[in-house]
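Just below is one structure, and these are the notes that go with it.
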Amino acid sequence: MSQRFTVTKPAVQGDINNEVEIVGGDKPPSIQAAENDTAGGASSAKNGKKYCEEGAPFMNDAEKGVNNDGNLALYEDDFKHRPKISSLLNTLANYKTLPEHSQEPEGRDKQLKNVAPQMGTLMGVYLPCLQNILGVILFIRLTWIVGNAGALESFFIIVISCATTSLTAISMSAVATNGVVPAGGSYFMISRALGPEFGGAVGVLFYLGTTFASSMYILGAIEILLVYIAPVIAIFDDGVGSGTTSNSPDMLNNMRVYGTIILFVLSLLVFVGVKYVNKCALLFLFCVVVSIFCIYIGVFIPNDLQFCCLDDNIAIHSDFRSIEECTLYFQGNASVPSTLGQSLCDADDLKVDECVSYLSKHSAKLTPAIPGLGNGLFSDNLKNLYRDGGEVLPREEGKGPNEIVSDITTSFTILLAIFFPSVTGIMAGSNRSGDLKDAQFSIPRGTLGAIFTTSLIYITCVLFFAGAVRGEILRDKFGESIDGGLVVANIAWPSQWVILIGSFLSTIGAGLQSLTGAPRLLQAIAKDNLIPFLAVFGKGSAIGEPTWALLLTAAISELGIIIAKLDSVAPIITMFFLMCYMFVNLACALQTLLRTPNWRPRFKYYHWSLSFIGMVMCVSLMFISSWYYALAAMALAGCIYKYIEYRGAEKEWGDGLRGLSLQAARYSLLRLEEGPPHTKNWRPQVLVLCKLDEELLPKHRRLLSFASQLKAGRGLTLVSSVIEGDYTTKYPESQAAAQELRKVMTEEKVKGFHQVLIARDVNDGISACIQMSGLGGLQHNTVIAGWPYGWRQSTDDRAFRVFLNVVRNVSSMHNALLVPKNITLFPSNDQKLEGGSIDVWWIVHDGGMLMLLPFLLRQHKVWKNCTMKIYTVAQMEDNSIQMKKDLKTFLYHLRIDAEIEVVELPGCDISAYTYERTLLMEQRTQLLRQMKLTRKESSFDAQAIVDLHHIPASETDGASPAKNTGRKVRFARQESSPFDEESEKEEVLNVSNLTDINEVTEDDVDLMDMEPEKQKADAADNDTDGLLDIKPSDRNVRRMHTAVRLNEIIVEKSHKAHLVILNLPGPPKLQRKEQNCIL
């Protein structure tokens, strides 16, 4: 909005008459703040006068005194409604936003009122991200991933995962630093950047991912507890240790029982003491850091741990870890198999001789499990060794219960899906944005620093594990070959208990963090009221804790615990987090490409291409990891999106998708300007001229129903109404009419746009609607107007003249015109016609419009069961048989199924009724012409004519009749008429006003040749007796005859049809002939 300011410097310094002229500037928009200005009551003296009116909106009624300010007297009226900048700056500088639904619970607002957030980058972002990223996968699955994928592919798994999170963190930093991010974190950023539909869908997915993450952490803690710390506490066990080994049914049942118990304890702890959970976060993080340092130290220290190795590539169960047991022969006797050798032979059902021969080809010996770095293991562990479930080596089934086999099928994609949850947690800092001292400074640095640190830890761990541990031990997921010990714990120095206790506590802490954050995220979604059935979870306790949301979170987390397999839960979490990261990248790329004025992030090291690459990587990882999980996650997001869209989210957050829609609309409109649409792409783009009643409601709702049935939600539909009057006084009525019009359009399922125009003349308003509706190439090509009912009984010729002007304007625009007659009898959208037909009377070629209308109507459920009949009229000289054949061929090419009938219209004598109707019509026209009535006078009925020379003097108020009029007769004036023109100038309706010379007849030429004096004398001498000698013109008689005959035939043939469509004859181009118009 352009503004021009002219400021003139005073001639003498200190002159109070400073000239300040502001030209063309509009009033600035109102500024509203969430908090009262603390400096609003302050006043200061300047030039002997006090500033007292500082920020009127922020003062109570007692403080709203109006004082004159010498320096700002020009704005003293504005200060009554708007704050002064000097009083508002403090509020703006200390502005702290909350989500629009947020409100501090009663009691907490007083406690937190004077407490400013003090958390910096280290404590507020870096360490929380570090704790959430380094989790259970590092301790119990990373060594197994390295053993199966090899060092090279494991490196790529980590690089791909960390690159995805790094690109997402860059996009998140840009979005987070674009303004103030309140409590709500990633959900707030995505929803406000992509709109309520995407925001709700991604918010639910992010919530589910966080909830299932708590299940994964609890399952990891139970696995550490039952398998490595205290196997004796297993409830389900068959006596041979099945309750703590692999994925046996007993082990899964133990996971479910203990997982449910721990989930209940953690949920109870979150419910009663969230502040204690936050205080324990540092303890849990300390355990993680200490465990990692112990691992690094242990890699460089030799370890004397040994295991029994068969053929130098197969790990044997820990029952054979002694020298006497780890052998294939009994006490060195090559003819007697040992217990281990006999178990291998029994697996193949070999006889004694065959067993000895078989064992001679194999060897078994004790081998160091963790030789340490510098033993040449890195090259051995460089390549992958993927196996199917039950295989000891690729394509080699395990023999006997003593060989360590793979419990699940492994591949690059499966391992990637299992590992990726270990790099999630990058949004822990943004989730705490409301507690940060400077979120725009801390979030980018803390998040990227945590990602860099954890990436370095993961990469170094992969290299150390591949170079220090035997591959057979790395592939032993549950440490069955080393007495059920955790591989990482056996690497660490000084004791494995450091890792076991540290990993258990850190996993429990991560579960607590997930159970703490997920309910708050659900509460934020519920309070936004995007998904109505989640509204109950927006309620909380007296201090604002999300009690109901915590219960739902615990129930969903229990579902993950019932699965009881960490390797099955991890891919689910991967899908949810990847979906969330994808939309973060999309939000950043979209805002950058659209270049919206509000997009001004403080974090400058971003680019739309990086966000786009991150988005593509997220989608690719989803399908690489598990295509069916990816499709399921997308289907869930799509269902939530469509549900929110169906429910009609009324949130307006200035999201980027709205800007994208505007850009797409602009691009499409510019493309439409390149040329007219091809015939194949033509469809009726409808403009509905809707008349309003006295209550500003659509007078004929069925017009909108008909438009809805014709369009079936496709193409362009415009609904226009005209209100007669002045815009400055009728504007409120137009807004009320627009609301009612929108409401009726919604009820009638009309998908389109509406507009209400205020005009001084209805004809001009309708003409403007027909000319100006649409935008650019998106213009209407079809107009639907109502039939002019009651024009015969009306005393005003505008009852039909408005309609004729509509026909002329539409014809001038080269648009199609649809005029439904008896619109109140048309079916509504709720009805469904059973049987019947739609009859088309094709008389004049219209480019195929009449053929297209019934086809489009039958696409709607109302007209779907109707058949189509086409009638055409043949005259005496036409070949009706050939016409029928040609019409069938034409419809065949149009691919339209219809019944065809050619109706012959034989010539016959003109009936007396027809002649009489035409005579009466022309007599009235001639009467008006002889009296030379003005346009205003012709609007009254002929029976209102009176002789002014015989009016009593009392009725003329003493005025002479000759002074009132120079004519013998005059229309009796009504006291008031709603159709009176503002101008009192009378224009004589003569032939000189004709618009088309081609329509001028011989009679018209005679009238134009007459001298004005002669015309005036004839008008004074003629009387109504000459009307009896009028002979109707042959043309009018023939037109009336055609109308009568066609009406009779149509009634005879189509009296049972649900709808009759026929050509409407055009109106006369001359206004003088409107009185004789036959439609």
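Just so we're on the same page: first chain in the structure tokens is A, next is B, and so on; residues restart at 1 for each chain, and ligands are numbered from 1 in the order they show up.
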Ile145 of chain A: which residues within 8 Å, counting only C-alpha atoms, same-chain residues fewer than 5 positions away excluded, as a CSV table (one decimal) with N, CA, C and O atoms, in the first residue's frame?
chain,number,residue,atom,x,y,z
A,150,GLY,N,28.3,-55.5,7.8
A,150,GLY,CA,29.7,-55.2,7.5
A,150,GLY,C,30.0,-53.8,7.8
A,150,GLY,O,29.2,-52.9,7.9
A,154,SER,N,27.5,-50.7,7.0
A,154,SER,CA,27.1,-50.0,8.3
A,154,SER,C,27.4,-48.5,8.3
A,154,SER,O,26.6,-47.7,8.7
A,415,LEU,N,18.0,-53.6,8.2
A,415,LEU,CA,18.9,-53.0,9.2
A,415,LEU,C,18.8,-51.5,9.2
A,415,LEU,O,19.0,-50.9,10.3
A,419,PHE,N,17.9,-49.4,12.5
A,419,PHE,CA,18.9,-48.4,13.1
A,419,PHE,C,18.3,-47.0,13.1
A,419,PHE,O,18.7,-46.2,14.0
A,474,LEU,N,29.9,-60.5,16.7
A,474,LEU,CA,29.0,-59.3,16.4
A,474,LEU,C,27.7,-59.8,15.9
A,474,LEU,O,26.7,-59.1,16.1
A,475,ARG,N,27.6,-60.9,15.2
A,475,ARG,CA,26.3,-61.4,14.7
A,475,ARG,C,25.5,-62.2,15.8
A,475,ARG,O,24.4,-62.6,15.5
Test item: residues at most 9 Å from Leu505 of chain A, only C-alpha atoms, excluding those fewer than 2 positions along its chain, as a PyMOL selection string: chain A and resi 221+283-284+287-288+500-503+507-510
For segment 621-623 of chain A: contacts at 9 Å, only C-alpha atoms, fewer than 5 positions along chain excluded, given as a PyMOL selection string: chain A and resi 160-161+413+416-417+574-575+578-579+616+628-631
Export of the given selection (C-alpha atoms) as a JSON list (two decimals), in the first residue's frame:
[["chain", "number", "residue", "atom", "x", "y", "z"],
["A", 160, "ILE", "CA", 22.36, -41.92, 5.17],
["A", 161, "SER", "CA", 20.49, -41.69, 8.47],
["A", 413, "THR", "CA", 16.92, -52.17, 4.15],
["A", 416, "LEU", "CA", 18.43, -49.43, 8.04],
["A", 417, "ALA", "CA", 14.86, -49.46, 9.36],
["A", 574, "THR", "CA", 10.95, -45.13, 11.59],
["A", 575, "MET", "CA", 7.90, -44.55, 9.39],
["A", 578, "LEU", "CA", 10.34, -40.02, 8.60],
["A", 579, "MET", "CA", 6.87, -38.71, 7.75],
["A", 616, "VAL", "CA", 13.27, -36.99, -1.08],
["A", 628, "TYR", "CA", 4.13, -51.77, 3.25],
["A", 629, "TYR", "CA", 4.75, -49.82, 6.45],
["A", 630, "ALA", "CA", 5.36, -46.72, 4.30],
["A", 631, "LEU", "CA", 2.07, -47.18, 2.46]]
Residue contacts of Ser767 of chain A (9 Å, only C-alpha atoms) excluding same-chain residues fewer than 5 positions away, as a list in words: Val762, Met772, Asn805, Val806, Asn809 and Val810 of chain A
d(atom CA of Ser481 of chain A, atom CA of Ser215 of chain A) in Å: 28.1 Å
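Going from atom CA of Gly195 of chain A over to atom CA of Tyr641 of chain A, you cover 10.5 Å.
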Shell of 12 Å around Phe441 of chain A, only C-alpha atoms, local chain residues under 3 positions omitted, as a ChimeraX atom specification: /A:119-122,124-125,173-174,176-180,429-430,433,436-438,444-448,601-604
Strand (DSSP E) residues, from DSSP on the backbone, in segment 200-328 of chain A, as a VMD selection string: chain A and resid 306 to 310 314 to 315
Expected answer as a ChimeraX atom specification: helix (DSSP H, G or I) residues in segment 607-789 of chain A: /A:608-625,627-647,656-672,679-681,701-711,727-747,762-772
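Closest approach to Leu310 of chain A among A:Lys477, A:Arg82, A:Lys399, A:Arg671: A:Lys399, based on only C-alpha atoms.
Atom CA of Glu223 of chain A is positioned 7.3 Å from atom CA of Met255 of chain A.
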Selection: 8 Å around Pro337 of chain A, only C-alpha atoms, excl. self and same-chain fewer than 6 positions, as a list of chain:residue names: A:Leu328, A:Tyr329, A:Phe330, A:Cys355, A:Val356, A:Leu359
